[in-house]
$ cat model14.cif   # mmCIF, C-alpha atoms
data_start
loop_
_atom_site.label_atom_id
_atom_site.label_comp_id
_atom_site.auth_asym_id
_atom_site.auth_seq_id
_atom_site.Cartn_x
_atom_site.Cartn_y
_atom_site.Cartn_z
CA MET G 1 0.00 0.00 0.00
CA LYS G 2 0.96 3.61 -0.44
CA PHE G 3 -0.31 6.20 2.01
CA GLU G 4 -0.47 9.79 0.84
CA ILE G 5 -0.83 12.73 3.23
CA MET G 6 0.70 15.53 1.14
CA GLY G 7 -2.76 16.66 0.13
CA SER G 8 -6.04 15.02 1.05
CA LEU G 9 -5.61 11.64 2.74
CA ARG G 10 -5.77 8.68 0.35
CA ILE G 11 -4.52 5.10 0.14
CA GLY G 12 -3.14 3.55 -3.04
CA ASP G 13 -2.93 -0.13 -3.92
CA GLU G 14 -0.52 -2.10 -6.09
CA GLN G 15 -2.77 -1.65 -9.15
CA GLY G 16 -2.58 2.15 -8.91
CA SER G 17 -6.12 2.60 -7.61
CA TYR G 18 -6.88 4.88 -4.67
CA SER G 19 -9.40 4.67 -1.88
CA VAL G 20 -10.46 7.23 0.72
CA LEU G 21 -12.19 7.20 4.05
CA THR G 22 -15.57 8.90 4.14
CA ALA G 23 -15.93 9.05 7.94
CA ARG G 24 -14.16 12.18 9.20
CA LYS G 25 -13.23 10.82 12.64
CA MET G 26 -11.63 7.74 11.10
CA GLU G 27 -9.76 10.01 8.67
CA ILE G 28 -8.38 11.99 11.59
CA LEU G 29 -7.42 8.79 13.39
CA LEU G 30 -5.52 7.40 10.39
CA ALA G 31 -3.87 10.74 9.58
CA THR G 32 -2.65 11.12 13.16
CA LEU G 33 -1.21 7.61 13.23
CA LEU G 34 0.50 8.16 9.85
CA ILE G 35 2.21 11.41 10.76
CA LYS G 36 3.58 9.60 13.82
CA ALA G 37 4.31 6.35 11.98
CA GLU G 38 6.46 3.93 14.00
CA GLU G 39 5.82 5.98 17.16
CA VAL G 40 3.31 5.37 19.94
CA VAL G 41 0.38 7.78 19.96
CA SER G 42 -1.44 7.75 23.28
CA ILE G 43 -5.17 7.26 23.65
CA ASP G 44 -5.41 10.71 25.24
CA GLN G 45 -3.66 12.32 22.26
CA LEU G 46 -5.97 10.58 19.81
CA ILE G 47 -9.08 11.58 21.75
CA GLU G 48 -7.97 15.22 21.77
CA GLU G 49 -7.18 15.10 18.07
CA ILE G 50 -10.58 13.64 17.17
CA TRP G 51 -12.88 15.45 19.62
CA GLY G 52 -10.90 18.44 20.83
CA SER G 53 -11.01 19.66 24.43
CA ASN G 54 -14.59 18.48 25.08
CA PRO G 55 -14.74 14.76 24.23
CA PRO G 56 -17.84 12.71 25.00
CA ARG G 57 -17.81 10.50 28.07
CA CYS G 58 -17.70 7.42 25.86
CA ALA G 59 -14.70 8.69 23.82
CA GLY G 60 -12.43 5.81 24.87
CA ALA G 61 -14.93 3.18 23.80
CA ALA G 62 -15.68 5.03 20.56
CA LEU G 63 -11.97 5.24 19.78
CA HIS G 64 -11.67 1.49 20.23
CA VAL G 65 -14.47 1.01 17.70
CA TYR G 66 -12.81 3.36 15.21
CA VAL G 67 -9.52 1.50 15.52
CA SER G 68 -11.30 -1.80 14.89
CA GLN G 69 -13.07 -0.37 11.83
CA LEU G 70 -9.84 1.10 10.51
CA ARG G 71 -8.08 -2.24 10.85
CA LYS G 72 -10.82 -3.83 8.77
CA PHE G 73 -10.54 -1.07 6.15
CA LEU G 74 -6.79 -1.62 5.84
CA LYS G 75 -6.96 -5.42 5.77
CA ARG G 76 -5.21 -6.95 2.76
CA PRO G 77 -5.83 -10.31 1.11
CA GLY G 78 -3.50 -13.02 2.36
CA ARG G 79 -2.37 -11.07 5.43
CA ASP G 80 -3.74 -11.41 8.92
CA ASP G 81 -1.60 -8.76 10.58
CA SER G 82 -2.63 -5.12 10.79
CA PRO G 83 -0.38 -2.06 10.50
CA ILE G 84 -2.15 -0.64 13.56
CA VAL G 85 -0.61 -2.23 16.64
CA THR G 86 -1.69 -1.77 20.25
CA ARG G 87 1.20 -0.37 22.29
CA ALA G 88 0.72 1.12 25.74
CA PRO G 89 -0.44 3.80 26.26
CA GLY G 90 -2.05 3.81 22.79
CA TYR G 91 -1.37 2.64 19.26
CA THR G 92 1.47 2.51 16.71
CA PHE G 93 1.22 2.51 12.93
CA ARG G 94 3.87 0.18 11.46
CA LEU G 95 4.59 0.89 7.80
CA GLY G 96 6.64 -2.24 7.14
CA SER G 97 6.95 -2.52 3.36
CA ASP G 98 4.21 0.07 2.77
CA GLU G 99 5.10 3.54 1.50
CA LEU G 100 4.40 7.02 2.83
CA ASP G 101 4.71 9.96 0.43
CA LEU G 102 6.20 12.10 3.21
CA HIS G 103 9.23 9.82 3.41
CA GLU G 104 9.77 10.02 -0.36
CA PHE G 105 9.53 13.82 -0.17
CA GLN G 106 12.13 13.92 2.61
CA ARG G 107 14.43 11.59 0.67
CA LEU G 108 14.25 13.67 -2.51
CA LEU G 109 14.73 16.92 -0.61
CA GLY G 110 17.74 15.55 1.27
CA HIS G 111 19.23 14.27 -1.99
CA GLY G 112 18.63 17.60 -3.70
CA ARG G 113 20.19 19.49 -0.80
CA ALA G 114 23.31 17.30 -0.93
CA LEU G 115 23.59 17.70 -4.71
CA ALA G 116 23.29 21.49 -4.48
CA ARG G 117 26.01 21.62 -1.82
CA ALA G 118 28.21 19.55 -4.14
CA GLY G 119 27.62 22.01 -6.99
CA LYS G 120 25.60 19.52 -9.05
CA PHE G 121 22.76 21.93 -9.75
CA GLU G 122 21.16 20.17 -12.72
CA GLU G 123 20.78 16.99 -10.69
CA ALA G 124 19.62 19.01 -7.69
CA VAL G 125 16.85 20.63 -9.76
CA THR G 126 15.62 17.21 -10.91
CA SER G 127 15.49 15.86 -7.36
CA LEU G 128 13.83 18.96 -5.91
CA GLU G 129 11.23 19.10 -8.68
CA GLY G 130 10.44 15.45 -7.93
CA ALA G 131 9.92 16.32 -4.26
CA LEU G 132 7.56 19.19 -5.03
CA ALA G 133 5.62 17.07 -7.52
CA LEU G 134 4.41 14.94 -4.59
CA TRP G 135 2.31 17.84 -3.27
CA ARG G 136 -1.35 17.55 -4.25
CA GLY G 137 -2.77 20.47 -2.31
CA PRO G 138 -3.04 21.63 1.32
CA VAL G 139 -1.62 18.99 3.66
CA LEU G 140 -4.42 16.74 4.94
CA GLY G 141 -7.09 19.01 3.56
CA ASP G 142 -9.66 19.98 6.18
CA LEU G 143 -8.45 17.64 8.94
CA ARG G 144 -6.35 20.30 10.68
CA ASP G 145 -8.56 21.03 13.69
CA GLY G 146 -6.41 19.12 16.19
CA PRO G 147 -3.00 20.16 17.54
CA MET G 148 -1.00 17.24 16.14
CA ILE G 149 -2.22 17.40 12.54
CA ASN G 150 -2.18 21.19 12.48
CA GLY G 151 1.33 21.32 13.93
CA PHE G 152 2.50 18.75 11.42
CA ALA G 153 0.97 20.65 8.50
CA CYS G 154 2.62 23.90 9.60
CA TRP G 155 5.99 22.15 9.97
CA LEU G 156 5.69 20.52 6.56
CA GLY G 157 4.72 23.83 5.01
CA GLU G 158 8.00 25.30 6.23
CA ILE G 159 9.92 22.33 4.83
CA ARG G 160 8.19 22.87 1.49
CA LEU G 161 9.31 26.51 1.51
CA GLU G 162 12.87 25.34 2.05
CA CYS G 163 12.53 23.02 -0.94
CA VAL G 164 11.17 25.82 -3.13
CA GLU G 165 13.93 28.22 -2.07
CA LEU G 166 16.57 25.62 -2.83
CA LEU G 167 15.03 24.87 -6.23
CA VAL G 168 15.01 28.57 -7.13
CA SER G 169 18.60 29.04 -5.95
CA SER G 170 19.76 25.99 -7.92
CA ASN G 171 18.14 27.41 -11.05
CA LEU G 172 19.74 30.80 -10.38
CA MET G 173 23.09 29.06 -10.20
CA LEU G 174 22.34 27.74 -13.69
CA ASP G 175 21.64 31.30 -14.91
CA ARG G 176 17.96 30.55 -15.61
CA HIS G 177 16.95 34.03 -14.52
CA GLU G 178 14.28 34.83 -17.11
CA GLU G 179 12.58 31.46 -16.65
CA LEU G 180 12.18 32.09 -12.91
CA ILE G 181 10.61 35.55 -13.02
CA GLY G 182 6.97 34.53 -13.47
CA TRP G 183 7.20 31.79 -10.85
CA LEU G 184 8.82 34.13 -8.32
CA TYR G 185 6.07 36.71 -8.80
CA SER G 186 3.50 34.00 -8.03
CA LEU G 187 5.48 32.84 -4.99
CA ILE G 188 5.50 36.39 -3.63
CA ALA G 189 1.74 36.65 -4.17
CA GLU G 190 1.37 33.43 -2.15
CA HIS G 191 3.93 34.41 0.52
CA PRO G 192 3.96 38.24 0.62
CA LEU G 193 6.11 38.44 3.77
CA HIS G 194 8.78 35.96 2.66
CA GLU G 195 11.74 38.24 2.02
CA LYS G 196 14.00 35.67 0.39
CA PHE G 197 11.66 35.39 -2.59
CA TYR G 198 11.89 39.16 -3.08
CA GLN G 199 15.68 38.91 -3.08
CA GLN G 200 15.64 36.08 -5.60
CA LEU G 201 13.19 37.94 -7.86
CA MET G 202 15.25 41.14 -7.73
CA LEU G 203 18.35 39.22 -8.77
CA ALA G 204 16.50 37.39 -11.56
CA LEU G 205 15.13 40.67 -12.91
CA TYR G 206 18.46 42.46 -12.72
CA ARG G 207 20.23 39.61 -14.50
CA SER G 208 17.51 39.79 -17.17
CA SER G 209 18.36 43.48 -17.84
CA ARG G 210 15.28 44.68 -15.97
CA ARG G 211 16.91 46.91 -13.39
CA ALA G 212 13.92 49.24 -12.95
CA ASP G 213 11.59 46.29 -12.33
CA ALA G 214 14.04 44.89 -9.78
CA LEU G 215 13.93 48.18 -7.87
CA LYS G 216 10.12 48.22 -8.03
CA VAL G 217 10.13 44.80 -6.38
CA TYR G 218 12.11 46.26 -3.48
CA GLN G 219 9.55 49.06 -3.06
CA THR G 220 6.74 46.49 -3.10
CA ALA G 221 8.52 44.44 -0.44
CA ARG G 222 9.11 47.51 1.75
CA GLU G 223 5.49 48.66 1.49
CA GLN G 224 4.21 45.17 2.29
CA LEU G 225 6.46 44.75 5.32
CA MET G 226 5.74 48.25 6.66
CA THR G 227 1.99 47.84 6.21
CA GLU G 228 1.73 44.36 7.70
CA LEU G 229 4.46 44.41 10.35
CA GLY G 230 5.76 47.97 10.67
CA LEU G 231 9.25 46.71 9.77
CA GLU G 232 11.90 47.74 7.29
CA PRO G 233 13.18 45.04 4.92
CA CYS G 234 15.93 42.78 6.24
CA GLY G 235 19.61 43.65 5.82
CA PRO G 236 20.30 41.41 2.80
CA LEU G 237 17.30 42.83 0.93
CA ARG G 238 18.41 46.42 1.61
CA GLU G 239 21.96 45.52 0.63
CA LEU G 240 20.83 44.08 -2.70
CA GLN G 241 18.74 47.17 -3.44
CA LYS G 242 21.77 49.43 -2.89
CA CYS G 243 23.91 47.26 -5.17
CA ILE G 244 21.26 47.39 -7.91
CA LEU G 245 20.91 51.17 -7.55
CA ALA G 246 24.66 51.46 -8.04
CA ALA G 247 24.65 48.84 -10.81
CA ASP G 248 27.55 47.26 -8.96
CA ASP G 249 27.82 43.88 -10.66
CA ALA G 250 30.77 42.75 -8.56
CA GLU G 251 28.89 43.35 -5.31
CA ILE G 252 25.73 41.77 -6.70
CA ASP G 253 27.75 38.69 -7.65
CA HIS G 254 29.22 38.64 -4.14
CA HIS G 255 25.78 39.04 -2.54
CA ALA G 256 24.33 36.22 -4.66
CA ALA G 257 27.31 33.92 -4.12
CA ARG G 258 27.05 34.23 -0.33
CA ARG G 259 23.50 32.93 -0.57
CA GLY G 260 24.30 30.16 -3.04
CA TRP G 261 22.49 31.88 -5.91
CA ARG G 262 25.41 32.49 -8.22
CA VAL G 263 28.95 31.25 -8.74
CA PRO G 264 31.39 34.09 -7.94
CA VAL G 265 32.71 35.80 -11.07
CA VAL G 266 36.44 36.57 -11.21
CA ARG G 267 36.83 39.98 -12.87
CA ASP G 268 39.96 41.55 -14.32
#

$ encode --input "model14.cif" --output "structure tokens"
Amino acid sequence: MKFEIMGSLRIGDEQGSYSVLTARKMEILLATLLIKAEEVVSIDQLIEEIWGSNPPRCAGAALHVYVSQLRKFLKRPGRDDSPIVTRAPGYTFRLGSDELDLHEFQRLLGHGRALARAGKFEEAVTSLEGALALWRGPVLGDLRDGPMINGFACWLGEIRLECVELLVSSNLMLDRHEELIGWLYSLIAEHPLHEKFYQQLMLALYRSSRRADALKVYQTAREQLMTELGLEPCGPLRELQKCILAADDAEIDHHAARRGWRVPVVRD
């Protein structure tokens, strides 16, 4: 089986077909066990995740029923064992030979990170694009009411941002500036307070002979940050703006190289 949580929860079989749970509480139960795969999740944690801070008096008994139903749902022909194992003080989900898309994402991201550090940017781009291709939408859809699933989704969102940043920087290192401009504008629209995307867009525009547009991006970033947070842009963003104003290519190269966005250029 293949369990997918990087989007709405679904379970794939060996034939490539997918099935979903239609009972919300069982969805939450399975999602919680999957994000803590191979770890023990206590009965109290599961009750809070499913019912919040005001569970019914029969919550423990109801949870037992849901676990039993979930075991039946996950039962496979020719196998008597269940991936859901009782372990005090709760339950553990054992993946065994089954797959979890989260683990594949982490593997591809780690591989891409290592390739980028080794200067193998083409290979890094391939690995990072493969990682991002696993995303099918908001993590676990509308199941994020409880603290464990919500915390996991927030954490994974930050890891996704790291993957996107690394993919952009790897492409910048390959001098694919013009190809990145449209994507970076959309990333800024999605993450208007994420200053690194502004820096990357300014560099991409400047390297595409669009100096005025690069400076407009800085003004947009400053207005957004002042309006939302009452803060000036961060030091690196201000530094890049000054370099672009001065059209100081050597300093821009140095700025980009320090952030892994461009190989330093040796000038005569």

$ resolve_selection --input "model14.cif" --expression "the PyMOL selection byres ((chain G and resi 50) around 12)" --output "ChimeraX atom specification"
/G:23-33,43-49,51-56,59-60,62-63,66,143-149

$ atom_distance --input "model14.cif" --atom1 "atom CA of Glu251 of chain G" --atom2 "atom CA of Leu215 of chain G"
15.9 Å

$ resolve_selection --input "model14.cif" --expression "the PyMOL selection byres ((chain G and resi 235-249) around 8)" --output "ChimeraX atom specification"
/G:195-196,198-199,206,211,214-215,218,233-234,250-253,255

$ resolve_selection --input "model14.cif" --expression "the PyMOL selection byres ((chain G and resi 123) around 12)" --output "PyMOL selection string"
chain G and resi 108-109+111-122+124-130+167+170-171+174

$ atom_distance --input "model14.cif" --atom1 "atom CA of Phe152 of chain G" --atom2 "atom CA of Ile35 of chain G"
7.4 Å

$ atom_distance --input "model14.cif" --atom1 "atom CA of Glu104 of chain G" --atom2 "atom CA of Ile188 of chain G"
26.9 Å

$ axis_aligned_box --input "model14.cif" --around "segment 79-97 of chain G" --padding-each-side "6 Å" --output "JSON"
{"center_x": 1.6, "center_y": -3.8, "center_z": 14.8, "size_x": 22.7, "size_y": 27.2, "size_z": 34.9}

$ decode --input "model14.cif" --residues "segment 61-74 of chain G" --atoms "all heavy atoms" --output "tab-separated table (two decimals), in the first residue's frame"
chain	number	residue	atom	x	y	z
G	61	ALA	N	-14.27	4.32	24.44
G	61	ALA	CA	-14.93	3.18	23.80
G	61	ALA	C	-15.13	3.44	22.31
G	61	ALA	O	-14.95	2.55	21.47
G	61	ALA	CB	-16.28	2.91	24.47
G	62	ALA	N	-15.49	4.68	21.97
G	62	ALA	CA	-15.68	5.03	20.56
G	62	ALA	C	-14.36	4.92	19.80
G	62	ALA	O	-14.33	4.43	18.66
G	62	ALA	CB	-16.24	6.44	20.44
G	63	LEU	N	-13.28	5.35	20.42
G	63	LEU	CA	-11.97	5.24	19.78
G	63	LEU	C	-11.63	3.78	19.49
G	63	LEU	O	-11.11	3.45	18.42
G	63	LEU	CB	-10.89	5.88	20.67
G	63	LEU	CG	-9.45	5.76	20.16
G	63	LEU	CD1	-9.29	6.46	18.82
G	63	LEU	CD2	-8.48	6.33	21.19
G	64	HIS	N	-11.93	2.92	20.43
G	64	HIS	CA	-11.67	1.49	20.23
G	64	HIS	C	-12.43	0.96	19.01
G	64	HIS	O	-11.90	0.18	18.23
G	64	HIS	CB	-12.07	0.72	21.49
G	64	HIS	CG	-11.84	-0.76	21.38
G	64	HIS	ND1	-10.59	-1.33	21.48
G	64	HIS	CD2	-12.72	-1.79	21.16
G	64	HIS	CE1	-10.70	-2.64	21.33
G	64	HIS	NE2	-11.98	-2.94	21.14
G	65	VAL	N	-13.66	1.42	18.85
G	65	VAL	CA	-14.47	1.01	17.70
G	65	VAL	C	-13.85	1.53	16.40
G	65	VAL	O	-13.76	0.80	15.41
G	65	VAL	CB	-15.92	1.51	17.85
G	65	VAL	CG1	-16.71	1.27	16.56
G	65	VAL	CG2	-16.60	0.83	19.02
G	66	TYR	N	-13.42	2.78	16.42
G	66	TYR	CA	-12.81	3.36	15.21
G	66	TYR	C	-11.54	2.62	14.82
G	66	TYR	O	-11.28	2.39	13.63
G	66	TYR	CB	-12.51	4.84	15.42
G	66	TYR	CG	-13.71	5.72	15.57
G	66	TYR	CD1	-13.69	6.86	16.38
G	66	TYR	CD2	-14.90	5.43	14.89
G	66	TYR	CE1	-14.79	7.67	16.52
G	66	TYR	CE2	-16.02	6.24	15.03
G	66	TYR	CZ	-15.96	7.35	15.85
G	66	TYR	OH	-17.06	8.15	15.99
G	67	VAL	N	-10.74	2.25	15.80
G	67	VAL	CA	-9.52	1.50	15.52
G	67	VAL	C	-9.86	0.16	14.89
G	67	VAL	O	-9.24	-0.28	13.91
G	67	VAL	CB	-8.68	1.30	16.80
G	67	VAL	CG1	-7.54	0.31	16.55
G	67	VAL	CG2	-8.11	2.64	17.27
G	68	SER	N	-10.87	-0.51	15.44
G	68	SER	CA	-11.30	-1.80	14.89
G	68	SER	C	-11.78	-1.65	13.45
G	68	SER	O	-11.44	-2.45	12.57
G	68	SER	CB	-12.41	-2.38	15.77
G	68	SER	OG	-12.87	-3.60	15.25
G	69	GLN	N	-12.57	-0.61	13.18
G	69	GLN	CA	-13.07	-0.37	11.83
G	69	GLN	C	-11.93	-0.04	10.87
G	69	GLN	O	-11.93	-0.47	9.71
G	69	GLN	CB	-14.10	0.75	11.85
G	69	GLN	CG	-15.40	0.38	12.56
G	69	GLN	CD	-16.36	1.55	12.68
G	69	GLN	OE1	-15.94	2.71	12.64
G	69	GLN	NE2	-17.64	1.25	12.82
G	70	LEU	N	-10.97	0.72	11.35
G	70	LEU	CA	-9.84	1.10	10.51
G	70	LEU	C	-8.98	-0.11	10.19
G	70	LEU	O	-8.49	-0.25	9.05
G	70	LEU	CB	-9.02	2.17	11.22
G	70	LEU	CG	-7.95	2.90	10.38
G	70	LEU	CD1	-8.56	3.50	9.13
G	70	LEU	CD2	-7.30	4.00	11.23
G	71	ARG	N	-8.82	-1.00	11.13
G	71	ARG	CA	-8.08	-2.24	10.85
G	71	ARG	C	-8.77	-3.06	9.77
G	71	ARG	O	-8.11	-3.61	8.89
G	71	ARG	CB	-7.94	-3.05	12.14
G	71	ARG	CG	-6.87	-2.52	13.09
G	71	ARG	CD	-6.90	-3.23	14.41
G	71	ARG	NE	-5.72	-2.91	15.23
G	71	ARG	CZ	-5.66	-3.01	16.54
G	71	ARG	NH1	-6.75	-3.44	17.21
G	71	ARG	NH2	-4.56	-2.72	17.20
G	72	LYS	N	-10.07	-3.10	9.80
G	72	LYS	CA	-10.82	-3.83	8.77
G	72	LYS	C	-10.65	-3.15	7.41
G	72	LYS	O	-10.49	-3.81	6.38
G	72	LYS	CB	-12.30	-3.91	9.14
G	72	LYS	CG	-12.58	-4.82	10.33
G	72	LYS	CD	-14.08	-4.82	10.66
G	72	LYS	CE	-14.36	-5.69	11.89
G	72	LYS	NZ	-15.80	-5.64	12.26
G	73	PHE	N	-10.69	-1.83	7.40
G	73	PHE	CA	-10.54	-1.07	6.15
G	73	PHE	C	-9.18	-1.31	5.51
G	73	PHE	O	-9.06	-1.37	4.28
G	73	PHE	CB	-10.74	0.42	6.44
G	73	PHE	CG	-10.56	1.31	5.23
G	73	PHE	CD1	-11.58	1.45	4.30
G	73	PHE	CD2	-9.37	2.00	5.04
G	73	PHE	CE1	-11.42	2.28	3.19
G	73	PHE	CE2	-9.20	2.83	3.94
G	73	PHE	CZ	-10.23	2.96	3.01
G	74	LEU	N	-8.15	-1.45	6.34
G	74	LEU	CA	-6.79	-1.62	5.84
G	74	LEU	C	-6.39	-3.08	5.63
G	74	LEU	O	-5.27	-3.35	5.22
G	74	LEU	CB	-5.79	-0.97	6.82
G	74	LEU	CG	-5.94	0.54	7.02
G	74	LEU	CD1	-4.98	1.03	8.11
G	74	LEU	CD2	-5.69	1.30	5.72
